[in-house]
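Data file: input_3.txt. Format and content: compact mmCIF, C-alpha atoms and all ligand atoms.
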```
# COMPACT_ATOMS: atom_id res chain seq x y z
CA MET A 29 0.00 0.00 0.00
CA PRO A 30 1.41 3.43 -0.87
CA GLU A 31 2.17 5.52 2.19
CA LEU A 32 2.78 9.26 2.40
CA PRO A 33 6.26 9.29 0.78
CA GLU A 34 5.06 7.28 -2.21
CA VAL A 35 2.05 9.56 -2.64
CA GLU A 36 4.30 12.63 -2.41
CA VAL A 37 6.52 11.19 -5.16
CA VAL A 38 3.43 10.66 -7.32
CA ARG A 39 2.38 14.26 -6.59
CA ARG A 40 5.75 15.57 -7.74
CA GLY A 41 5.53 13.43 -10.87
CA LEU A 42 2.07 14.76 -11.70
CA GLU A 43 3.17 18.33 -10.95
CA GLU A 44 6.01 17.98 -13.45
CA ILE A 45 3.75 16.51 -16.14
CA LEU A 46 1.06 19.18 -15.61
CA LYS A 47 3.40 22.15 -15.11
CA ASP A 48 2.29 23.83 -18.34
CA GLN A 49 -1.28 23.86 -16.99
CA PRO A 50 -2.97 21.86 -19.77
CA VAL A 51 -6.73 22.16 -20.15
CA LEU A 52 -8.81 19.17 -19.06
CA GLU A 53 -10.72 18.16 -22.19
CA LYS A 54 -12.42 14.94 -21.16
CA ILE A 55 -12.82 12.61 -18.20
CA GLU A 56 -13.28 9.10 -19.54
CA LEU A 57 -14.63 6.76 -16.86
CA LYS A 58 -14.45 3.03 -17.57
CA ARG A 59 -16.63 2.28 -14.55
CA LYS A 60 -18.95 4.19 -12.23
CA ASP A 61 -17.16 3.42 -8.98
CA LEU A 62 -13.93 2.52 -7.27
CA ARG A 63 -14.27 2.02 -3.53
CA GLY A 64 -17.14 4.49 -3.65
CA PRO A 65 -19.13 6.02 -6.53
CA ILE A 66 -17.39 8.44 -8.89
CA PRO A 67 -19.44 11.67 -9.18
CA ALA A 68 -19.26 11.97 -12.96
CA LYS A 69 -21.66 14.91 -13.20
CA LYS A 70 -19.85 17.09 -10.66
CA LEU A 71 -16.49 16.19 -12.16
CA SER A 72 -17.72 17.23 -15.61
CA THR A 73 -17.94 20.85 -14.37
CA LEU A 74 -14.12 20.88 -14.51
CA ILE A 75 -14.02 20.20 -18.26
CA GLY A 76 -12.49 23.12 -20.14
CA GLU A 77 -10.48 24.26 -17.11
CA PRO A 78 -6.69 24.24 -16.80
CA VAL A 79 -5.03 22.24 -14.01
CA THR A 80 -3.28 24.97 -12.08
CA SER A 81 -1.65 22.99 -9.25
CA VAL A 82 -1.23 19.50 -7.82
CA GLU A 83 -1.42 19.27 -4.04
CA ARG A 84 -1.23 16.49 -1.51
CA ARG A 85 -3.20 16.40 1.72
CA ALA A 86 -2.49 13.29 3.83
CA LYS A 87 -2.58 10.55 1.17
CA TYR A 88 -5.04 12.41 -1.08
CA LEU A 89 -3.93 14.01 -4.32
CA LEU A 90 -5.73 17.17 -5.45
CA LEU A 91 -5.59 18.30 -9.06
CA TRP A 92 -6.81 21.88 -8.80
CA THR A 93 -8.55 23.91 -11.46
CA PRO A 94 -10.15 27.34 -10.99
CA LYS A 95 -13.54 25.60 -10.50
CA GLY A 96 -12.53 22.91 -8.02
CA ALA A 97 -10.37 19.83 -7.88
CA MET A 98 -10.22 16.19 -8.80
CA LEU A 99 -9.38 14.22 -5.67
CA SER A 100 -7.55 10.93 -6.00
CA HIS A 101 -6.62 8.34 -3.38
CA LEU A 102 -4.52 5.39 -4.55
CA GLY A 103 -5.98 2.87 -2.12
CA MET A 104 -3.92 -0.32 -2.14
CA THR A 105 -2.88 -0.65 -5.78
CA GLY A 106 -3.71 2.62 -7.57
CA THR A 107 -1.24 4.20 -10.00
CA TRP A 108 -1.23 7.19 -12.35
CA ARG A 109 0.78 7.13 -15.54
CA VAL A 110 1.12 9.02 -18.78
CA SER A 111 -0.66 6.82 -21.29
CA PRO A 112 -0.19 7.51 -25.01
CA TRP A 113 -2.65 6.02 -27.51
CA GLY A 114 -2.25 2.24 -27.71
CA ASP A 115 -1.15 1.98 -24.08
CA GLU A 116 -4.53 0.85 -22.68
CA ARG A 117 -4.12 -1.81 -19.95
CA ASP A 118 -6.33 -4.12 -17.90
CA HIS A 119 -7.69 -2.35 -14.80
CA ASP A 120 -7.38 1.12 -16.32
CA HIS A 121 -10.49 2.75 -14.82
CA ILE A 122 -10.03 6.44 -15.66
CA TYR A 123 -8.45 8.36 -18.54
CA LEU A 124 -7.95 12.09 -18.22
CA HIS A 125 -7.56 13.77 -21.61
CA PHE A 126 -5.76 17.11 -21.74
CA SER A 127 -4.99 19.71 -24.37
CA GLY A 128 -1.84 18.94 -26.34
CA GLY A 129 -2.70 15.25 -26.57
CA LEU A 130 -1.64 14.39 -23.04
CA ARG A 131 -3.53 11.49 -21.50
CA LEU A 132 -3.22 10.27 -17.90
CA ALA A 133 -4.43 6.80 -16.94
CA TYR A 134 -5.52 5.65 -13.50
CA ARG A 135 -5.05 1.90 -13.02
CA ASP A 136 -6.16 0.09 -9.87
CA PRO A 137 -6.57 -3.71 -9.93
CA ARG A 138 -8.01 -3.97 -6.41
CA ARG A 139 -10.14 -0.82 -6.68
CA PHE A 140 -9.67 0.42 -3.12
CA GLY A 141 -8.83 3.86 -4.47
CA CYS A 142 -11.13 6.84 -4.77
CA PHE A 143 -11.81 9.53 -7.36
CA ASP A 144 -13.95 12.40 -6.22
CA PHE A 145 -14.85 16.04 -6.75
CA VAL A 146 -13.78 18.78 -4.35
CA GLN A 147 -15.17 22.30 -4.42
CA LYS A 148 -13.30 23.63 -1.38
CA GLU A 149 -10.70 21.71 0.57
CA LYS A 150 -11.95 22.95 3.95
CA THR A 151 -15.47 21.59 3.52
CA HIS A 152 -14.90 18.23 1.85
CA PRO A 153 -15.90 15.40 4.23
CA LYS A 154 -12.77 13.39 3.50
CA LEU A 155 -10.48 16.34 4.25
CA VAL A 156 -12.21 18.32 6.97
CA ASP A 157 -11.10 16.39 10.07
CA LEU A 158 -7.52 15.72 9.09
CA GLY A 159 -4.70 16.50 11.52
CA PRO A 160 -1.49 18.35 10.62
CA GLU A 161 0.88 17.28 7.85
CA PRO A 162 3.91 15.54 9.40
CA LEU A 163 6.30 17.52 7.17
CA GLY A 164 4.45 20.81 7.67
CA GLU A 165 5.17 23.48 10.25
CA ASN A 166 1.93 22.81 12.13
CA PHE A 167 3.24 19.43 13.30
CA THR A 168 5.10 20.28 16.51
CA ALA A 169 6.19 18.36 19.61
CA GLN A 170 4.04 20.63 21.77
CA GLY A 171 1.00 20.06 19.56
CA LEU A 172 1.49 16.29 19.40
CA TRP A 173 2.08 16.05 23.14
CA GLY A 174 -1.05 18.09 23.81
CA LYS A 175 -3.20 15.83 21.66
CA LEU A 176 -1.82 12.69 23.29
CA ARG A 177 -2.61 13.83 26.86
CA LYS A 178 -6.06 12.26 26.78
CA LYS A 179 -5.27 9.24 24.64
CA GLU A 180 -5.28 5.97 26.55
CA VAL A 181 -4.36 3.83 23.52
CA ALA A 182 -0.89 2.56 22.62
CA LEU A 183 1.33 5.34 21.23
CA LYS A 184 1.76 3.46 17.94
CA VAL A 185 -2.02 3.28 17.47
CA ALA A 186 -2.35 7.02 18.27
CA LEU A 187 0.30 7.91 15.66
CA MET A 188 -1.84 6.24 13.02
CA ASP A 189 -4.90 8.28 14.02
CA GLN A 190 -5.39 10.78 11.15
CA LYS A 191 -6.82 13.38 13.53
CA ILE A 192 -3.54 13.44 15.47
CA VAL A 193 -1.20 13.52 12.49
CA VAL A 194 -1.84 12.44 8.91
CA GLY A 195 0.07 10.03 6.74
CA VAL A 196 2.14 8.19 9.35
CA GLY A 197 1.07 4.72 8.28
CA ASN A 198 1.86 1.33 9.70
CA ILE A 199 5.39 1.09 8.33
CA TYR A 200 6.56 4.56 9.33
CA ALA A 201 4.96 4.43 12.79
CA SER A 202 7.03 1.34 13.65
CA GLU A 203 10.17 2.81 12.08
CA ALA A 204 9.87 6.22 13.77
CA LEU A 205 9.30 4.67 17.20
CA PHE A 206 12.37 2.48 16.75
CA ALA A 207 14.47 5.47 15.71
CA SER A 208 13.19 7.36 18.77
CA GLY A 209 13.89 4.47 21.18
CA ILE A 210 10.25 4.40 22.31
CA ARG A 211 8.19 1.24 22.77
CA PRO A 212 5.11 1.15 20.54
CA ALA A 213 2.93 -0.13 23.40
CA LEU A 214 3.68 2.90 25.62
CA LYS A 215 0.39 4.49 26.59
CA ALA A 216 0.08 7.62 24.43
CA SER A 217 -0.79 9.83 27.44
CA LYS A 218 2.49 8.83 29.14
CA LEU A 219 4.73 10.27 26.43
CA SER A 220 6.84 13.11 27.87
CA LEU A 221 7.24 16.38 25.98
CA GLU A 222 10.97 15.65 25.76
CA ARG A 223 10.36 12.33 24.01
CA ALA A 224 7.65 13.88 21.82
CA GLU A 225 10.37 16.23 20.52
CA VAL A 226 12.57 13.29 19.54
CA LEU A 227 9.61 11.49 17.97
CA VAL A 228 8.53 14.48 15.85
CA LYS A 229 12.10 14.91 14.62
CA GLU A 230 12.39 11.22 13.69
CA ILE A 231 9.01 11.09 11.94
CA ARG A 232 10.06 14.06 9.81
CA ARG A 233 13.50 12.63 9.08
CA ILE A 234 12.24 9.18 8.07
CA LEU A 235 9.47 10.49 5.81
CA ALA A 236 11.79 13.02 4.15
CA ASP A 237 14.44 10.32 3.55
CA SER A 238 11.88 8.04 1.97
CA ILE A 239 10.71 10.78 -0.39
CA VAL A 240 14.31 11.36 -1.49
CA LYS A 241 14.80 7.61 -2.08
CA GLY A 242 11.65 7.52 -4.19
CA GLY A 243 12.79 10.42 -6.32
CA SER A 244 14.11 8.18 -9.09
CA SER A 245 10.61 7.06 -10.03
CA ILE A 246 9.71 10.64 -10.97
CA SER A 247 11.81 10.43 -14.14
CA ASP A 248 10.06 7.20 -15.23
CA PHE A 249 6.77 8.94 -14.68
CA ALA A 250 7.72 11.98 -16.73
CA GLN A 251 9.03 9.82 -19.56
CA ALA A 252 5.70 8.06 -19.70
CA SER A 253 7.42 4.70 -19.63
CA GLY A 254 6.73 3.60 -16.09
CA GLU A 255 3.95 3.53 -13.59
CA SER A 256 4.09 5.84 -10.62
CA GLY A 257 6.39 3.92 -8.35
CA TYR A 258 6.24 2.34 -4.95
CA PHE A 259 9.66 1.74 -3.53
CA GLN A 260 11.14 -0.59 -1.00
CA ASN A 261 13.19 0.87 1.76
CA SER A 262 15.58 -1.06 3.88
CA PHE A 263 13.57 -1.05 7.08
CA GLN A 264 15.05 -1.26 10.58
CA VAL A 265 12.19 -3.15 12.19
CA TYR A 266 9.17 -3.25 9.86
CA ASP A 267 8.43 -6.83 8.72
CA ARG A 268 11.59 -8.12 10.46
CA ALA A 269 10.11 -10.05 13.44
CA GLY A 270 12.42 -12.89 14.48
CA GLU A 271 15.43 -11.27 12.80
CA PRO A 272 18.25 -9.60 14.76
CA CYS A 273 18.12 -5.87 15.54
CA ARG A 274 20.60 -4.02 13.36
CA ILE A 275 21.74 -1.97 16.38
CA CYS A 276 21.97 -4.44 19.30
CA GLY A 277 21.46 -7.90 17.79
CA SER A 278 18.40 -8.79 19.92
CA ILE A 279 15.64 -10.69 18.18
CA LEU A 280 12.97 -8.26 17.01
CA LYS A 281 9.40 -8.71 18.23
CA SER A 282 5.99 -8.24 16.68
CA LYS A 283 2.45 -7.95 17.94
CA VAL A 284 -0.89 -6.83 16.52
CA MET A 285 -1.86 -3.39 17.89
CA GLY A 286 -5.00 -1.62 16.74
CA GLY A 287 -5.47 -4.32 14.11
CA ARG A 288 -2.03 -3.81 12.52
CA ASN A 289 1.20 -5.73 12.89
CA THR A 290 3.75 -3.77 14.92
CA PHE A 291 7.49 -4.39 15.11
CA TRP A 292 10.05 -3.35 17.72
CA CYS A 293 13.27 -4.15 19.58
CA GLY A 294 12.83 -4.96 23.27
CA GLN A 295 16.36 -3.72 24.04
CA CYS A 296 16.59 -0.49 22.05
CA GLN A 297 13.05 0.73 22.77
CA LYS A 298 11.95 1.66 26.31
ZN ZN A 301 17.96 -3.33 19.35
```
Re-express the file's structure as structure tokens.
Amino acid sequence: MPELPEVEVVRRGLEEILKDQPVLEKIELKRKDLRGPIPAKKLSTLIGEPVTSVERRAKYLLLWTPKGAMLSHLGMTGTWRVSPWGDERDHDHIYLHFSGGLRLAYRDPRRFGCFDFVQKEKTHPKLVDLGPEPLGENFTAQGLWGKLRKKEVALKVALMDQKIVVGVGNIYASEALFASGIRPALKASKLSLERAEVLVKEIRRILADSIVKGGSSISDFAQASGESGYFQNSFQVYDRAGEPCRICGSILKSKVMGGRNTFWCGQCQK
């Protein structure tokens, strides 16, 4: 599943492709729904408008025009690619046709993605309750600590709560807690401000590193040869239960927390 860094790399790829602000000429839907219905009528109000910017909010992509935006979520298996004529593939559900002959294809075999219409970001139900961006200036140790005061759940579960901070998914929650030396099962309300400062710093560092590592897929994207990429990082703890910790050699542990597998080192994390 694409997490925030992968989605940010896709955003940068789309921004590059759409930098000349091509006019949206046609939205060709191959089906009426993905995870939810696609509002074809509302989306058609954007026809004839130029795409003026590509934003990311949490794991949502927003292709803005002067009359509103197309909102895309990649779900589990969604990808955007430049698709010249003749490049139609199985599971292509959406083609966006632009001036100049540019065509973007959305492919999503498992169809957990979403494609929606947004008039204003602040009022859209999917966007309205989202917490701060982890790489933005509104994500601070003080703010995080304040929000965790009343949370009785495990810290790792709280970090994946989109109202607390967006886009820290299962992989990066485990990795950031390892890098911060904090046990994932620590009760969120017990996190000290001092440790919240370390955690915020590590979340930012790990996400930013992952975006840099994914940068190579942008060129594929722009050349229209490849699909928007998901990349494998070399993880410290994620998916490594039973293997030795790279720092201390202890056998790494795993446990399901909040429905998701969680990985940590019993020695390095307190
Ligand atoms: Zn260790």
Set the cut-off to 10 Å, count all atoms listed in the file, and list whatever residues fall near ligand ZN 301 (chain A) as a ChimeraX atom specification. /A:206,209,264-265,272-280,292-297
When you draw a straight line from atom CA of Val110 of chain A to atom CA of Ile122 of chain A, how long is it in Å? 11.9 Å
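Note that the spacing between atom CA of Glu34 of chain A and atom CA of Ala201 of chain A amounts to 15.3 Å.
Among the candidates A:Lys60, A:Lys283, A:Val38, A:Asp120, the one nearest to Arg211 of chain A when counting only C-alpha atoms is A:Lys283.
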By how many Å are atom CA of Thr290 of chain A and atom CA of Ser220 of chain A apart?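 Those two atoms sit 21.5 Å apart.
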Residue among A:Arg117, A:Tyr266, A:Leu124, A:Pro153 lying closest to Ser202 of chain A, counting all atoms listed in the file: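 Closest candidate: A:Tyr266.
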Which polymer residues, protein or nucleic acid, are no farther than 10 Å from (10.6, 15.0, 12.6), counting all atoms listed in the file, as an MDAnalysis selection string? chainID A and resid 162:164 167:169 204 224:236
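Proximity to Lys150 of chain A was assessed for A:Phe126, A:Gly96, A:Gly114, A:Asn198 counting only C-alpha atoms; the smallest distance is recorded for A:Gly96.
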Shell of 10 Å around segment 70-80 of chain A, only C-alpha atoms, local chain residues under 4 positions omitted, as JSON, numbers by chain: {"A": [43, 46, 47, 48, 49, 50, 51, 52, 53, 54, 55, 66, 90, 91, 92, 93, 94, 95, 96, 97, 98, 99, 125, 126, 127, 143, 144, 145, 146, 147]}
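Among the candidates A:Lys218, A:Lys87, A:Arg135, A:Lys178, the residue lying nearest to Pro33 of chain A is A:Lys87 (atoms considered: only C-alpha atoms).
Of the residues under consideration (A:Asp237, A:Glu180, A:Glu149, A:Asp267), A:Glu149 shows the shortest atom-to-atom contact distance to Leu89 of chain A when counting only C-alpha atoms.
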Counting all atoms listed in the file, what are the residues of segment 58-99 of chain A within 12 Å of segment 181-196 of chain A, and for each of them which pair of atoms is the nearest and at what distance in Å, to one decimal? Sort the table by chain and rising number, as a tab-separated table.
```
residue	atom	partner	partner_atom	distance
A:Arg84	CA	A:Gly195	CA	10.6
A:Arg85	CA	A:Val194	CA	8.3
A:Ala86	CA	A:Gly195	CA	5.1
A:Lys87	CA	A:Gly195	CA	6.2
A:Tyr88	CA	A:Gly195	CA	9.6
```
Which residue, A:Ala213, A:Cys142, A:Asp157, A:Ser208, has the smallest gap to Pro65 of chain A when you use only C-alpha atoms? A:Cys142
Selection: 9 Å around His119 of chain A, all atoms listed in the file, excl. self and same-chain fewer than 4 positions, as a ChimeraX atom specification: /A:134-139
Exercise: Arg40 of chain A partners within 9 Å, only C-alpha atoms, chain neighbours under 3 positions left out, as a VMD selection string: chain A and resid 35 to 37 43 to 45 82 to 83 243 246
Would you fill out segment 79-98 of chain A with N, CA, C and O atoms and return it as a tab-separated table (two decimals), in the coordinates of the input?
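Listed below is the output, selection02.tsv:
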```
chain	number	residue	atom	x	y	z
A	79	VAL	N	-5.49	22.71	-15.32
A	79	VAL	CA	-5.03	22.24	-14.01
A	79	VAL	C	-3.93	23.19	-13.56
A	79	VAL	O	-2.87	23.29	-14.19
A	80	THR	N	-4.19	23.91	-12.49
A	80	THR	CA	-3.28	24.97	-12.08
A	80	THR	C	-2.29	24.55	-11.00
A	80	THR	O	-1.25	25.17	-10.82
A	81	SER	N	-2.62	23.48	-10.25
A	81	SER	CA	-1.65	22.99	-9.25
A	81	SER	C	-2.01	21.57	-8.85
A	81	SER	O	-3.15	21.12	-9.03
A	82	VAL	N	-1.03	20.85	-8.33
A	82	VAL	CA	-1.23	19.50	-7.82
A	82	VAL	C	-0.78	19.50	-6.36
A	82	VAL	O	0.38	19.76	-6.06
A	83	GLU	N	-1.74	19.26	-5.47
A	83	GLU	CA	-1.42	19.27	-4.04
A	83	GLU	C	-1.58	17.88	-3.45
A	83	GLU	O	-2.23	17.02	-4.03
A	84	ARG	N	-0.98	17.70	-2.27
A	84	ARG	CA	-1.23	16.49	-1.51
A	84	ARG	C	-1.71	16.88	-0.12
A	84	ARG	O	-1.18	17.80	0.48
A	85	ARG	N	-2.76	16.22	0.34
A	85	ARG	CA	-3.20	16.40	1.72
A	85	ARG	C	-3.35	15.00	2.28
A	85	ARG	O	-4.14	14.21	1.74
A	86	ALA	N	-2.58	14.67	3.35
A	86	ALA	CA	-2.49	13.29	3.83
A	86	ALA	C	-2.12	12.42	2.62
A	86	ALA	O	-1.18	12.73	1.91
A	87	LYS	N	-2.90	11.38	2.34
A	87	LYS	CA	-2.58	10.55	1.17
A	87	LYS	C	-3.52	10.84	0.00
A	87	LYS	O	-3.66	10.04	-0.92
A	88	TYR	N	-4.19	11.99	0.03
A	88	TYR	CA	-5.04	12.41	-1.08
A	88	TYR	C	-4.27	13.32	-2.02
A	88	TYR	O	-3.55	14.22	-1.57
A	89	LEU	N	-4.47	13.12	-3.31
A	89	LEU	CA	-3.93	14.01	-4.32
A	89	LEU	C	-5.05	14.92	-4.80
A	89	LEU	O	-6.18	14.47	-4.99
A	90	LEU	N	-4.74	16.20	-5.00
A	90	LEU	CA	-5.73	17.17	-5.45
A	90	LEU	C	-5.23	17.85	-6.70
A	90	LEU	O	-4.21	18.55	-6.67
A	91	LEU	N	-5.93	17.63	-7.81
A	91	LEU	CA	-5.59	18.30	-9.06
A	91	LEU	C	-6.52	19.50	-9.19
A	91	LEU	O	-7.70	19.36	-9.56
A	92	TRP	N	-5.98	20.67	-8.89
A	92	TRP	CA	-6.81	21.88	-8.80
A	92	TRP	C	-7.00	22.57	-10.14
A	92	TRP	O	-6.06	22.71	-10.92
A	93	THR	N	-8.23	23.01	-10.36
A	93	THR	CA	-8.55	23.91	-11.46
A	93	THR	C	-9.22	25.13	-10.82
A	93	THR	O	-9.52	25.09	-9.62
A	94	PRO	N	-9.47	26.18	-11.59
A	94	PRO	CA	-10.15	27.34	-10.99
A	94	PRO	C	-11.57	27.02	-10.48
A	94	PRO	O	-12.12	27.75	-9.68
A	95	LYS	N	-12.17	25.92	-10.91
A	95	LYS	CA	-13.54	25.60	-10.50
A	95	LYS	C	-13.64	24.47	-9.48
A	95	LYS	O	-14.75	24.00	-9.18
A	96	GLY	N	-12.52	24.02	-8.97
A	96	GLY	CA	-12.53	22.91	-8.02
A	96	GLY	C	-11.46	21.90	-8.39
A	96	GLY	O	-10.66	22.16	-9.31
A	97	ALA	N	-11.46	20.79	-7.68
A	97	ALA	CA	-10.37	19.83	-7.88
A	97	ALA	C	-10.89	18.42	-8.10
A	97	ALA	O	-11.98	18.06	-7.67
A	98	MET	N	-10.04	17.63	-8.79
A	98	MET	CA	-10.22	16.19	-8.80
A	98	MET	C	-9.41	15.64	-7.63
A	98	MET	O	-8.24	16.01	-7.45
```
